[in-house]
Amino acid sequence: MPAEQPLTVLVAEDGATDRLLLAQIVRRQGHQVFTAENGEQAVAMFVEKRPQLVLLDALMPVMDGFEAARRIKALAGEALVPIIFLTSLNEEEALVRCLEAGGDDFMAKPYSAVILAAKIRAMDRLRRLQATVLEQRDLITRHHHHLLNEQRVAKAVFDKVAHSGCITAPNIRYLQSPYALFNGDLLLAAFTPSGDMHVLLGDFTGHGLPAAVGAMPLAEVFYGMTAKGYGLAHMLREMNAKLKRILPVDMFCCALLLNLSVQRGTVEVWNGGMPDGYRLSADGKVVASLASRHLPLGVLAAERFDDSTEVLPLAAGERLLLLSDGVVDTADEQERLFGVERLRAVLAANRDPVQLFDEVMQALERFGGTPRDDISLCDIRMFTVEERVPAPTLYSDSGRSSPLDWSLGFALRGESLKRFNPVPYLVQLLQEIHGLRPLTGALHSVLSELYSNALEHGVLGLDSRLKRDAHGFADYYQERARRLDALVDGFVRIDLKVEPLASGGRLIIEVRDSGAGFDVQQVLSRPAREQGLSGRGMKLVGQLGSSAGWREGGRCAWVQFDW
Amino acid sequence: MAVETDFSQDGKKLTIKIKGRFDFGKHQEFRDAYESQPRRPDSVVVDLKDTTYLDSSALGMLLLLRDHAGGDDSDVRVVHASSDVRKILAISNFEKLFDIS
C-alpha cells in the first residue's frame with residue numbers, strides 16, 4: 001500500500017538480513033529509504049540526507065542506537081524527526097532507555113509490516129503537527145515584530161505632535177509608560193502667548209490603536225488653540241465637538257484640563273471623568289481637590305456640553321498632583337484596589353512635597369508588586385514669572401501685507417459678553433502687522449488683562465479686593481459667574497488704532513466699559529497688597545506697553561505700543 | 001449567564017442584569033441583551049445588584065445602550081449599584097445621562 005505522502009526514511013540496523021528486510025517493507029509502503037550499518041554511519045547519513053524519519057536498532061557496533069539517537073535529535077534541532085527504536089530487548093528498563101535517549105516509539109522484532117506502516121503514519125502526523133506549530137510560531141513572531149515596528153513608527157509620529165509643547169518644562173514631573181499612547185493615556189502641556197501654561201491629562205476608553213487614533217486630533221486642537229491664545233472654554237468646546245464627531249458612541253476621553261496663570265496667581269480647572277487631582281500647599285498639605293464635575297469629552301452633543309471651569313488660587317511654589325485611574329485601580333495579588341484612601345494616606349504622610357511623586361510610586365510598588373503599565377502621574381509646581389517660556393507664534397503667511405494705517409472698533413454687549421472671548425481674534429488680526437509680531441505675547445497679556453478688567457470690574461462691578469485670600473477667591477469667581485449669568489445689558493468696547501511712524505509704527509488700544517468707573521488716583525495710591533491681583537495686572541500692562549493709563553473717570557483704559 | 005434579560009409582563013420594560021465584572025468581556029452578551037429583542041422597550045433598567053466591578057469600557061457600553069434606546073429621548077435607569085460601582089459612575093458624572101439609583 002503506497003503512502004499518501006512519501007517520506008525519506010533512514011534505516012540503521014547492523015544485521016544485513018534484517019536491514020534488507022526492513023528497507024524492503026518501508027520501500028513497498030512508498031517511502032524513499034537510506035540505510036546505515038551502525039550508529040556512526042546513521043549519524044553521517046542523517047547529516048547528508050536529512051531523512052524525515054529514522055528507524056534505529058538499539059544495539060549496534062561502533063556506536064549504539066542510544067548515542068546515535070541523542071546526536072540525531074541534537075542535529076534535528078526544533079524540527080521533529082521521529083525515531084522509532086527497533087529492538088529485541090524486552091526488559092522494561094531497556095525500553096525506557098530508548099525513549100530517554102530521544103526515541104519517540106519502539107518496535108519489537110520480528111517486524112510486522114502492518115504495525116510498522118501504522119507507526120510510520122502516526123509518527124508522520126506528529127511530525128507534521130510539530131512543523132505546523134513551528135511555522136505558526138514563526139508567523140506570530142514575524143507579525144509581532146511587524147506590530148512592534150508599526151507601534152514604534154506611530155509613536156514617533158505621535159511624539160512629534162504630542163510633545164511639541166513644554167511637557168519637559170522644569171516645573172513638571174511626570175510618569176507615563178513608554179507605550180501610554182496605546183493605553184489611551186495622554187499628557188500635553190504648552191505655554192500660551194501670554195505665558196500661561198495649559199496642561200491636559202486625558203484617558204481614552206479602550207486600549208490599542210483605537211485609543212491612540214483619538215489622541216492625535218485632541219493634541220492638535222490643544223496645541224493649535226493654546227498657541228493662538230484661546231481660553232479653556234473654547235478649547236474644551238472644540239475638543240468635545242471634534243471627538244463627538246469622530247469617535248464611535250462607546251468611546252470617549254476622560255480629561256483634566258488646566259490653565260496655570262502666574263500673572264493672576266490662579267489655576268483654572270475643568271475635570272470630566274478623571275480621578276480627583278490635588279492642590280498642595282508649598283509644604284505639601286492637600287488644600288483642595290480638583291474633582292470631576294463633567295461628563296468626559298466626546299459624550300455630549302455640542303449644545304449640551306458644559307464648559308464651565310473652576311478657578312482656584314495657586315501661588316508660585318504650590319503644586320498640583322494629577323493622576324490617571326491606573327493609579328487608584330492598581331490591584332494587589334488578591335485583586336484589592338489601591339484606592340483613593342491609600343493615596344490620601346500617602347499624601348497626608350508626606351513632609352516634603354518634592355518627594356511626593358516618589359512616595360506615591362513607592363507606595364504603589366509596595367502594594368501591587370508590579371506597577372500597571374497604564375499609570376499616568378503628573379506633579380506640577382506653579383512656576384515663577386522668570387520661568388515662563390511663552391509660545392512662539394506660528395505664522396502661516398509671508399508677512400508682506402503689513403497694513404499700517406487703519407482703525408477698528410467693536411463692542412460686545414449682553415449675551416456676547418457671556419460666551420465670546422475676543423482676545424484671540426484681535427491678537428490674530430494684529431499679527432498682520434510685521435512689526436508687532438515680536439510683541440505677540442505682550443499684546444495677548446495686555447488685551448486679556450484689559451478685557452477681563454473691563455468685564456469684571458467695569459460691567460459686572462466686582463471688587464478685586466475680594467480676591468485677597470483663598471476664600472475670597474472662590475467667592476469672587478462664584479460671584480463673577482452669577483453676575484455674568486444674570487447680565488442683560490452693559491458693553492465692553494475695544495478700539496484699535498494703527499498709524500505709521502517715520503520708522504515703524506504705533507498701536508493704541510482703548511478698552512471702554514459700561515461700568516461706573518473708579519477713582520483712578522485713589523486706587524493707584526492703595527498699597528500693593530490691597531490692590532489685589534487685578535491691580536498687579538494693571539501695573540503689568542503699563543510695563544508691557546510703551547505707555548498706559550486711564551481716561552473718562554476710569555471707564556476707559558488705554559495702552560500704546562510703539563515699534 | 002452573566003447577563004440576564006427580563007421583559008415586564010406588559011412588554012414595555014426591559015431589565016438587564018449583569019453578574020460579576022462588567023467589563024469588555026461582557027461586550028457581546030450585553031449588546032445581544034438589547035439588540036436581539038423582538039420589540040423595542042419603552043424603558044430599560046440596568047440592574048447592577050450583582051455587579052462587582054465596572055470599568056471604562058462598561059461606561060462605553062452603557063452609552064451604546066443609551067444610543068440604541070433613543071439617545072437624549074431614552075429612558076435608561078441604572079439601579080442597585082454598589083457604593084464602589086457608584087463611585088465609578090460618579091467620577092464620570094454619568095448621573096447626568098442616566099437615572100442612577
# chains A, B, ... in the order shown; residues from 1 in each chain; ligands from 1

$ residues_around --residues "Met225 in chain A" --least-positions-apart "6" --cutoff "9 Å" --atoms "only C-alpha atoms" --output "compact mmCIF listing (two decimals) with C-alpha atoms, in the first residue's frame"
# COMPACT_ATOMS: atom_id res chain seq x y z
CA THR A 192 0.03 80.39 25.74
CA GLY A 231 -9.01 80.03 26.76
CA HIS A 234 -13.15 77.49 23.70
CA MET A 235 -10.67 74.65 23.61

$ residues_around --residues "Phe22 in chain B" --least-positions-apart "2" --cutoff "8 Å" --atoms "only C-alpha atoms" --output "list in words"
Ile18, Lys19, Gly20, Phe24, Gly25, Lys26, Thr51, Thr52, Tyr53, Leu54, Asp55 and Ala58 of chain B

$ write_last_selection --atoms "C-alpha atoms" --output "mmCIF file, in the first residue's frame"
data_model
loop_
_atom_site.group_PDB
_atom_site.id
_atom_site.type_symbol
_atom_site.label_atom_id
_atom_site.label_comp_id
_atom_site.auth_asym_id
_atom_site.auth_seq_id
_atom_site.Cartn_x
_atom_site.Cartn_y
_atom_site.Cartn_z
ATOM 1 C CA ILE B 18 -25.157 41.941 34.958
ATOM 2 C CA LYS B 19 -23.383 39.482 37.240
ATOM 3 C CA GLY B 20 -19.736 39.742 38.288
ATOM 4 C CA PHE B 24 -15.080 44.376 27.930
ATOM 5 C CA GLY B 25 -15.555 40.622 28.354
ATOM 6 C CA LYS B 26 -19.326 41.203 28.563
ATOM 7 C CA THR B 51 -22.056 43.609 39.610
ATOM 8 C CA THR B 52 -18.756 43.647 41.472
ATOM 9 C CA TYR B 53 -16.715 45.923 39.242
ATOM 10 C CA LEU B 54 -17.233 48.237 36.333
ATOM 11 C CA ASP B 55 -14.553 49.659 34.057
ATOM 12 C CA ALA B 58 -18.597 49.269 30.599
#

$ residues_around --residues "range 546-554 of chain A" --least-positions-apart "2" --cutoff "12 Å" --atoms "only C-alpha atoms" --output "PyMOL selection string"
chain A and resi 439+442-443+446+450+453-454+457-458+506-524+538-544+556-563

$ select_by_dssp --residues "chain B" --states "helix (DSSP H, G or I)" --output "PyMOL selection string"
chain B and resi 24-35+56-68+71-73+83-91+94-96

$ write_last_selection --atoms "N, CA and C atoms" --output "CSV table (one decimal), in the first residue's frame"
chain,number,residue,atom,x,y,z
B,24,PHE,N,-15.0,44.6,29.4
B,24,PHE,CA,-15.1,44.4,27.9
B,24,PHE,C,-15.5,42.9,27.6
B,25,GLY,N,-15.2,42.0,28.5
B,25,GLY,CA,-15.6,40.6,28.4
B,25,GLY,C,-17.1,40.4,28.2
B,26,LYS,N,-17.9,41.3,28.7
B,26,LYS,CA,-19.3,41.2,28.6
B,26,LYS,C,-19.9,41.9,27.3
B,27,HIS,N,-19.0,42.5,26.5
B,27,HIS,CA,-19.4,43.3,25.4
B,27,HIS,C,-20.5,42.7,24.6
B,28,GLN,N,-20.2,41.5,24.0
B,28,GLN,CA,-21.2,40.9,23.1
B,28,GLN,C,-22.5,40.5,23.8
B,29,GLU,N,-22.3,39.9,25.0
B,29,GLU,CA,-23.5,39.5,25.7
B,29,GLU,C,-24.4,40.7,26.0
B,30,PHE,N,-23.8,41.8,26.4
B,30,PHE,CA,-24.6,43.0,26.8
B,30,PHE,C,-25.3,43.6,25.5
B,31,ARG,N,-24.6,43.6,24.4
B,31,ARG,CA,-25.2,44.1,23.2
B,31,ARG,C,-26.4,43.2,22.8
B,32,ASP,N,-26.1,41.9,22.9
B,32,ASP,CA,-27.2,41.0,22.5
B,32,ASP,C,-28.4,41.2,23.3
B,33,ALA,N,-28.2,41.5,24.6
B,33,ALA,CA,-29.3,41.6,25.6
B,33,ALA,C,-30.3,42.6,25.1
B,34,TYR,N,-29.9,43.7,24.4
B,34,TYR,CA,-31.0,44.7,24.0
B,34,TYR,C,-31.1,44.6,22.5
B,35,GLU,N,-30.1,44.2,21.7
B,35,GLU,CA,-30.3,44.3,20.3
B,35,GLU,C,-31.1,43.1,19.7
B,56,SER,N,-14.1,51.3,32.4
B,56,SER,CA,-14.5,52.4,31.4
B,56,SER,C,-15.1,51.8,30.2
B,57,SER,N,-14.8,50.6,29.8
B,57,SER,CA,-15.4,50.0,28.6
B,57,SER,C,-16.9,49.7,28.9
B,58,ALA,N,-17.2,49.5,30.2
B,58,ALA,CA,-18.6,49.3,30.6
B,58,ALA,C,-19.4,50.6,30.5
B,59,LEU,N,-18.7,51.7,30.8
B,59,LEU,CA,-19.3,53.0,30.6
B,59,LEU,C,-19.6,53.2,29.2
B,60,GLY,N,-18.7,52.8,28.3
B,60,GLY,CA,-18.9,52.9,26.9
B,60,GLY,C,-20.1,52.1,26.4
B,61,MET,N,-20.3,50.9,27.0
B,61,MET,CA,-21.4,50.0,26.7
B,61,MET,C,-22.7,50.6,27.1
B,62,LEU,N,-22.7,51.3,28.3
B,62,LEU,CA,-23.9,52.0,28.7
B,62,LEU,C,-24.3,53.1,27.7
B,63,LEU,N,-23.3,53.8,27.2
B,63,LEU,CA,-23.5,54.8,26.2
B,63,LEU,C,-24.1,54.2,24.9
B,64,LEU,N,-23.6,53.0,24.6
B,64,LEU,CA,-24.2,52.4,23.4
B,64,LEU,C,-25.6,52.0,23.6
B,65,LEU,N,-25.9,51.5,24.8
B,65,LEU,CA,-27.3,51.1,25.1
B,65,LEU,C,-28.2,52.4,25.0
B,66,ARG,N,-27.7,53.5,25.6
B,66,ARG,CA,-28.5,54.7,25.7
B,66,ARG,C,-28.8,55.2,24.2
B,67,ASP,N,-27.8,55.1,23.4
B,67,ASP,CA,-27.9,55.5,22.0
B,67,ASP,C,-29.0,54.6,21.3
B,68,HIS,N,-28.9,53.3,21.6
B,68,HIS,CA,-29.8,52.4,20.9
B,68,HIS,C,-31.2,52.7,21.4
B,71,GLY,N,-31.1,57.8,22.6
B,71,GLY,CA,-30.2,58.9,22.9
B,71,GLY,C,-30.8,59.8,24.0
B,72,ASP,N,-30.9,61.1,23.7
B,72,ASP,CA,-31.4,62.0,24.7
B,72,ASP,C,-32.9,61.8,25.1
B,73,ASP,N,-33.6,61.1,24.2
B,73,ASP,CA,-35.0,60.8,24.5
B,73,ASP,C,-35.2,59.4,25.2
B,83,SER,N,-21.7,50.7,46.3
B,83,SER,CA,-21.0,52.1,46.5
B,83,SER,C,-19.8,52.2,45.7
B,84,ASP,N,-19.0,51.1,45.5
B,84,ASP,CA,-17.8,51.2,44.6
B,84,ASP,C,-18.2,51.5,43.2
B,85,VAL,N,-19.2,50.8,42.7
B,85,VAL,CA,-19.7,51.0,41.3
B,85,VAL,C,-20.2,52.4,41.1
B,86,ARG,N,-20.9,52.8,42.2
B,86,ARG,CA,-21.5,54.2,42.1
B,86,ARG,C,-20.4,55.2,42.0
B,87,LYS,N,-19.3,55.0,42.7
B,87,LYS,CA,-18.2,56.0,42.7
B,87,LYS,C,-17.7,56.1,41.3
B,88,ILE,N,-17.5,54.9,40.6
B,88,ILE,CA,-17.0,55.0,39.2
B,88,ILE,C,-18.0,55.7,38.3
B,89,LEU,N,-19.3,55.5,38.5
B,89,LEU,CA,-20.3,56.2,37.7
B,89,LEU,C,-20.2,57.7,38.0
B,90,ALA,N,-20.0,58.0,39.3
B,90,ALA,CA,-20.0,59.4,39.7
B,90,ALA,C,-18.8,60.2,39.2
B,91,ILE,N,-17.6,59.5,39.2
B,91,ILE,CA,-16.4,60.2,38.6
B,91,ILE,C,-16.7,60.7,37.2
B,94,PHE,N,-21.9,60.2,35.2
B,94,PHE,CA,-23.0,59.6,34.4
B,94,PHE,C,-24.4,59.8,34.9
B,95,GLU,N,-24.5,60.4,36.1
B,95,GLU,CA,-25.9,60.7,36.5
B,95,GLU,C,-26.5,61.8,35.7
B,96,LYS,N,-25.6,62.5,34.9
B,96,LYS,CA,-26.2,63.5,34.0
B,96,LYS,C,-26.8,62.9,32.8

$ closest_atom_pairs --of "chain A" --to "chain B" --cutoff "6 Å" --atoms "only C-alpha atoms" --output "Markdown table"
| residue | atom | partner | partner_atom | distance |
| --- | --- | --- | --- | --- |
| A:Thr205 | CA | B:Ser56 | CA | 5.8 |
| A:Val249 | CA | B:Leu64 | CA | 5.9 |
| A:Asp250 | CA | B:Gly60 | CA | 3.8 |
| A:Met251 | CA | B:Gly60 | CA | 5.8 |
| A:Gly273 | CA | B:Ser92 | CA | 3.8 |
| A:Ser292 | CA | B:Ile91 | CA | 5.7 |
| A:His294 | CA | B:Asn93 | CA | 5.7 |
| A:Leu295 | CA | B:Asn93 | CA | 5.1 |

$ residues_around --residues "range 302-308 of chain A" --least-positions-apart "2" --cutoff "12 Å" --atoms "only C-alpha atoms" --output "PyMOL selection string"
(chain A and resi 231-245+257+268-272+292-300+310-311+418-419+477-478+481+485) or (chain B and resi 72+93+96-97)

$ residues_around --residues "Val43 in chain A" --least-positions-apart "3" --cutoff "7 Å" --atoms "only C-alpha atoms" --output "MDAnalysis selection string"
chainID A and resid 39:40 46:47 68 71:72

$ write_last_selection --atoms "C-alpha atoms" --output "PDB file, in the first residue's frame"
ATOM      1  CA  GLY A  39      25.205   4.348  14.734  1.00  0.00           C
ATOM      2  CA  GLU A  40      28.121   6.318  13.365  1.00  0.00           C
ATOM      3  CA  PHE A  46      21.424  11.868   8.700  1.00  0.00           C
ATOM      4  CA  VAL A  47      23.726  14.832   8.172  1.00  0.00           C
ATOM      5  CA  ALA A  68      23.034   7.846  17.650  1.00  0.00           C
ATOM      6  CA  ARG A  71      23.108  13.004  18.218  1.00  0.00           C
ATOM      7  CA  ILE A  72      20.380  12.888  15.586  1.00  0.00           C
TER       8      ILE A  72
END

$ residues_around --residues "range 313-317 of chain A" --least-positions-apart "4" --cutoff "7 Å" --atoms "only C-alpha atoms" --output "list in words"
Gly265, Thr266, Val267, Ala282, Arg381, Met382, Phe383, Thr384, Ala470 and Phe473 of chain A

$ write_last_selection --atoms "C-alpha atoms" --output "mmCIF file, in the first residue's frame"
data_model
loop_
_atom_site.group_PDB
_atom_site.id
_atom_site.type_symbol
_atom_site.label_atom_id
_atom_site.label_comp_id
_atom_site.auth_asym_id
_atom_site.auth_seq_id
_atom_site.Cartn_x
_atom_site.Cartn_y
_atom_site.Cartn_z
ATOM 1 C CA GLY A 265 -1.856 83.540 40.639
ATOM 2 C CA THR A 266 -4.592 81.132 39.649
ATOM 3 C CA VAL A 267 -5.282 77.741 38.190
ATOM 4 C CA ALA A 282 4.179 74.654 49.377
ATOM 5 C CA ARG A 381 4.819 73.108 40.537
ATOM 6 C CA MET A 382 3.447 76.576 39.951
ATOM 7 C CA PHE A 383 6.224 78.318 38.103
ATOM 8 C CA THR A 384 7.523 81.848 38.577
ATOM 9 C CA ALA A 470 -8.189 81.803 49.080
ATOM 10 C CA PHE A 473 -11.034 83.907 45.697
#

$ select_by_dssp --residues "range 9-76 of chain B" --states "strand (DSSP E)" --output "list in words"
Lys13, Leu14, Thr15, Ile16, Lys17, Ile18, Gly20, Arg21, Phe22, Ser43, Val44, Val45, Val46, Asp47, Thr51, Thr52, Tyr53, Leu54 and Val76 of chain B

$ write_last_selection --atoms "C-alpha atoms" --output "PDB file, in the first residue's frame"
ATOM      1  CA  LYS B  13     -39.785  47.482  30.291  1.00  0.00           C
ATOM      2  CA  LEU B  14     -36.603  45.553  29.618  1.00  0.00           C
ATOM      3  CA  THR B  15     -34.413  44.679  32.594  1.00  0.00           C
ATOM      4  CA  ILE B  16     -30.783  43.732  32.014  1.00  0.00           C
ATOM      5  CA  LYS B  17     -28.925  42.141  34.938  1.00  0.00           C
ATOM      6  CA  ILE B  18     -25.157  41.941  34.958  1.00  0.00           C
ATOM      7  CA  GLY B  20     -19.736  39.742  38.288  1.00  0.00           C
ATOM      8  CA  ARG B  21     -17.341  42.037  36.488  1.00  0.00           C
ATOM      9  CA  PHE B  22     -18.876  44.421  33.973  1.00  0.00           C
ATOM     10  CA  SER B  43     -37.709  51.860  29.102  1.00  0.00           C
ATOM     11  CA  VAL B  44     -34.603  49.920  30.045  1.00  0.00           C
ATOM     12  CA  VAL B  45     -33.407  49.096  33.550  1.00  0.00           C
ATOM     13  CA  VAL B  46     -29.797  48.051  34.062  1.00  0.00           C
ATOM     14  CA  ASP B  47     -29.639  46.113  37.323  1.00  0.00           C
ATOM     15  CA  THR B  51     -22.056  43.609  39.610  1.00  0.00           C
ATOM     16  CA  THR B  52     -18.756  43.647  41.472  1.00  0.00           C
ATOM     17  CA  TYR B  53     -16.715  45.923  39.242  1.00  0.00           C
ATOM     18  CA  LEU B  54     -17.233  48.237  36.333  1.00  0.00           C
ATOM     19  CA  VAL B  76     -32.497  54.170  30.819  1.00  0.00           C
TER      20      VAL B  76
END

$ residues_around --residues "Val389 in chain A" --least-positions-apart "2" --cutoff "10 Å" --atoms "only C-alpha atoms" --output "short mmCIF file (atom, residue, chain, number, x, y, z; two decimals) with N, CA and C atoms, in the first residue's frame"
data_model
loop_
_atom_site.label_atom_id
_atom_site.label_comp_id
_atom_site.auth_asym_id
_atom_site.auth_seq_id
_atom_site.Cartn_x
_atom_site.Cartn_y
_atom_site.Cartn_z
N CYS A 166 5.55 71.82 26.14
CA CYS A 166 6.57 72.04 27.17
C CYS A 166 6.45 71.01 28.27
N ALA A 169 9.16 70.86 30.70
CA ALA A 169 9.49 72.05 31.49
C ALA A 169 9.91 71.65 32.90
N ALA A 190 1.56 73.15 27.26
CA ALA A 190 2.09 74.19 26.38
C ALA A 190 1.84 75.56 26.99
N PHE A 191 2.72 76.50 26.65
CA PHE A 191 2.53 77.88 27.09
C PHE A 191 1.64 78.62 26.09
N THR A 192 0.81 79.51 26.61
CA THR A 192 0.03 80.39 25.74
C THR A 192 0.91 81.57 25.36
N PRO A 193 0.48 82.37 24.40
CA PRO A 193 1.32 83.53 24.02
C PRO A 193 1.60 84.45 25.21
N SER A 194 0.67 84.54 26.18
CA SER A 194 0.91 85.46 27.29
C SER A 194 1.63 84.79 28.45
N GLY A 195 2.06 83.53 28.27
CA GLY A 195 2.87 82.89 29.29
C GLY A 195 2.10 82.12 30.34
N ASP A 196 0.79 81.89 30.13
CA ASP A 196 0.06 80.94 30.96
C ASP A 196 0.45 79.55 30.47
N MET A 197 0.25 78.55 31.34
CA MET A 197 0.55 77.19 30.91
C MET A 197 -0.73 76.37 30.87
N VAL A 385 7.37 83.89 37.31
CA VAL A 385 7.33 84.70 36.08
C VAL A 385 8.58 84.46 35.24
N GLU A 386 9.73 84.29 35.94
CA GLU A 386 11.00 84.14 35.22
C GLU A 386 11.07 82.83 34.44
N GLU A 387 10.30 81.82 34.89
CA GLU A 387 10.39 80.51 34.25
C GLU A 387 9.52 80.38 33.01
N ALA A 391 4.79 80.75 24.22
CA ALA A 391 4.82 80.01 22.96
C ALA A 391 5.24 80.91 21.82
N PRO A 392 6.19 80.44 21.01
CA PRO A 392 6.48 81.21 19.80
C PRO A 392 5.27 81.10 18.88
#

$ atom_distance --atom1 "CA of Ser464 in chain A" --atom2 "CA of Leu496 in chain A"
26.2 Å

$ atom_distance --atom1 "CA of Gly505 in chain A" --atom2 "CA of Gly435 in chain A"
7.7 Å

$ decode --residues "range 31-96 of chain B" --atoms "C-alpha atoms" --output "PDB file, in the first residue's frame"
ATOM      1  CA  ARG B  31     -25.213  44.103  23.204  1.00  0.00           C
ATOM      2  CA  ASP B  32     -27.205  40.978  22.479  1.00  0.00           C
ATOM      3  CA  ALA B  33     -29.280  41.647  25.584  1.00  0.00           C
ATOM      4  CA  TYR B  34     -30.954  44.672  23.973  1.00  0.00           C
ATOM      5  CA  GLU B  35     -30.263  44.268  20.252  1.00  0.00           C
ATOM      6  CA  SER B  36     -31.750  40.797  19.903  1.00  0.00           C
ATOM      7  CA  GLN B  37     -35.104  41.732  21.455  1.00  0.00           C
ATOM      8  CA  PRO B  38     -38.115  41.311  19.137  1.00  0.00           C
ATOM      9  CA  ARG B  39     -39.554  44.699  20.114  1.00  0.00           C
ATOM     10  CA  ARG B  40     -38.129  47.942  21.385  1.00  0.00           C
ATOM     11  CA  PRO B  41     -38.961  48.550  25.047  1.00  0.00           C
ATOM     12  CA  ASP B  42     -40.204  51.941  26.286  1.00  0.00           C
ATOM     13  CA  SER B  43     -37.709  51.860  29.102  1.00  0.00           C
ATOM     14  CA  VAL B  44     -34.603  49.920  30.045  1.00  0.00           C
ATOM     15  CA  VAL B  45     -33.407  49.096  33.550  1.00  0.00           C
ATOM     16  CA  VAL B  46     -29.797  48.051  34.062  1.00  0.00           C
ATOM     17  CA  ASP B  47     -29.639  46.113  37.323  1.00  0.00           C
ATOM     18  CA  LEU B  48     -26.161  46.158  38.879  1.00  0.00           C
ATOM     19  CA  LYS B  49     -27.093  44.353  42.103  1.00  0.00           C
ATOM     20  CA  ASP B  50     -24.653  41.517  41.406  1.00  0.00           C
ATOM     21  CA  THR B  51     -22.056  43.609  39.610  1.00  0.00           C
ATOM     22  CA  THR B  52     -18.756  43.647  41.472  1.00  0.00           C
ATOM     23  CA  TYR B  53     -16.715  45.923  39.242  1.00  0.00           C
ATOM     24  CA  LEU B  54     -17.233  48.237  36.333  1.00  0.00           C
ATOM     25  CA  ASP B  55     -14.553  49.659  34.057  1.00  0.00           C
ATOM     26  CA  SER B  56     -14.474  52.387  31.449  1.00  0.00           C
ATOM     27  CA  SER B  57     -15.416  50.048  28.626  1.00  0.00           C
ATOM     28  CA  ALA B  58     -18.597  49.269  30.599  1.00  0.00           C
ATOM     29  CA  LEU B  59     -19.304  53.003  30.638  1.00  0.00           C
ATOM     30  CA  GLY B  60     -18.924  52.910  26.873  1.00  0.00           C
ATOM     31  CA  MET B  61     -21.371  50.004  26.690  1.00  0.00           C
ATOM     32  CA  LEU B  62     -23.916  51.979  28.722  1.00  0.00           C
ATOM     33  CA  LEU B  63     -23.539  54.813  26.205  1.00  0.00           C
ATOM     34  CA  LEU B  64     -24.182  52.356  23.368  1.00  0.00           C
ATOM     35  CA  LEU B  65     -27.331  51.142  25.113  1.00  0.00           C
ATOM     36  CA  ARG B  66     -28.486  54.725  25.650  1.00  0.00           C
ATOM     37  CA  ASP B  67     -27.897  55.492  21.998  1.00  0.00           C
ATOM     38  CA  HIS B  68     -29.813  52.379  20.949  1.00  0.00           C
ATOM     39  CA  ALA B  69     -32.700  53.289  23.258  1.00  0.00           C
ATOM     40  CA  GLY B  70     -33.100  56.715  21.661  1.00  0.00           C
ATOM     41  CA  GLY B  71     -30.198  58.892  22.894  1.00  0.00           C
ATOM     42  CA  ASP B  72     -31.414  62.029  24.672  1.00  0.00           C
ATOM     43  CA  ASP B  73     -35.016  60.777  24.481  1.00  0.00           C
ATOM     44  CA  SER B  74     -34.182  57.409  26.022  1.00  0.00           C
ATOM     45  CA  ASP B  75     -35.366  56.186  29.387  1.00  0.00           C
ATOM     46  CA  VAL B  76     -32.497  54.170  30.819  1.00  0.00           C
ATOM     47  CA  ARG B  77     -32.249  53.603  34.547  1.00  0.00           C
ATOM     48  CA  VAL B  78     -29.285  52.128  36.397  1.00  0.00           C
ATOM     49  CA  VAL B  79     -30.323  50.515  39.670  1.00  0.00           C
ATOM     50  CA  HIS B  80     -28.829  48.746  42.703  1.00  0.00           C
ATOM     51  CA  ALA B  81     -25.277  49.930  42.099  1.00  0.00           C
ATOM     52  CA  SER B  82     -22.917  49.148  44.997  1.00  0.00           C
ATOM     53  CA  SER B  83     -21.038  52.053  46.522  1.00  0.00           C
ATOM     54  CA  ASP B  84     -17.837  51.161  44.632  1.00  0.00           C
ATOM     55  CA  VAL B  85     -19.654  50.968  41.320  1.00  0.00           C
ATOM     56  CA  ARG B  86     -21.497  54.165  42.144  1.00  0.00           C
ATOM     57  CA  LYS B  87     -18.177  55.955  42.699  1.00  0.00           C
ATOM     58  CA  ILE B  88     -17.018  54.980  39.235  1.00  0.00           C
ATOM     59  CA  LEU B  89     -20.274  56.222  37.713  1.00  0.00           C
ATOM     60  CA  ALA B  90     -19.975  59.426  39.743  1.00  0.00           C
ATOM     61  CA  ILE B  91     -16.412  60.243  38.634  1.00  0.00           C
ATOM     62  CA  SER B  92     -17.593  60.203  35.042  1.00  0.00           C
ATOM     63  CA  ASN B  93     -20.724  62.149  36.021  1.00  0.00           C
ATOM     64  CA  PHE B  94     -22.950  59.553  34.376  1.00  0.00           C
ATOM     65  CA  GLU B  95     -25.860  60.671  36.540  1.00  0.00           C
ATOM     66  CA  LYS B  96     -26.157  63.496  34.009  1.00  0.00           C
TER      67      LYS B  96
END
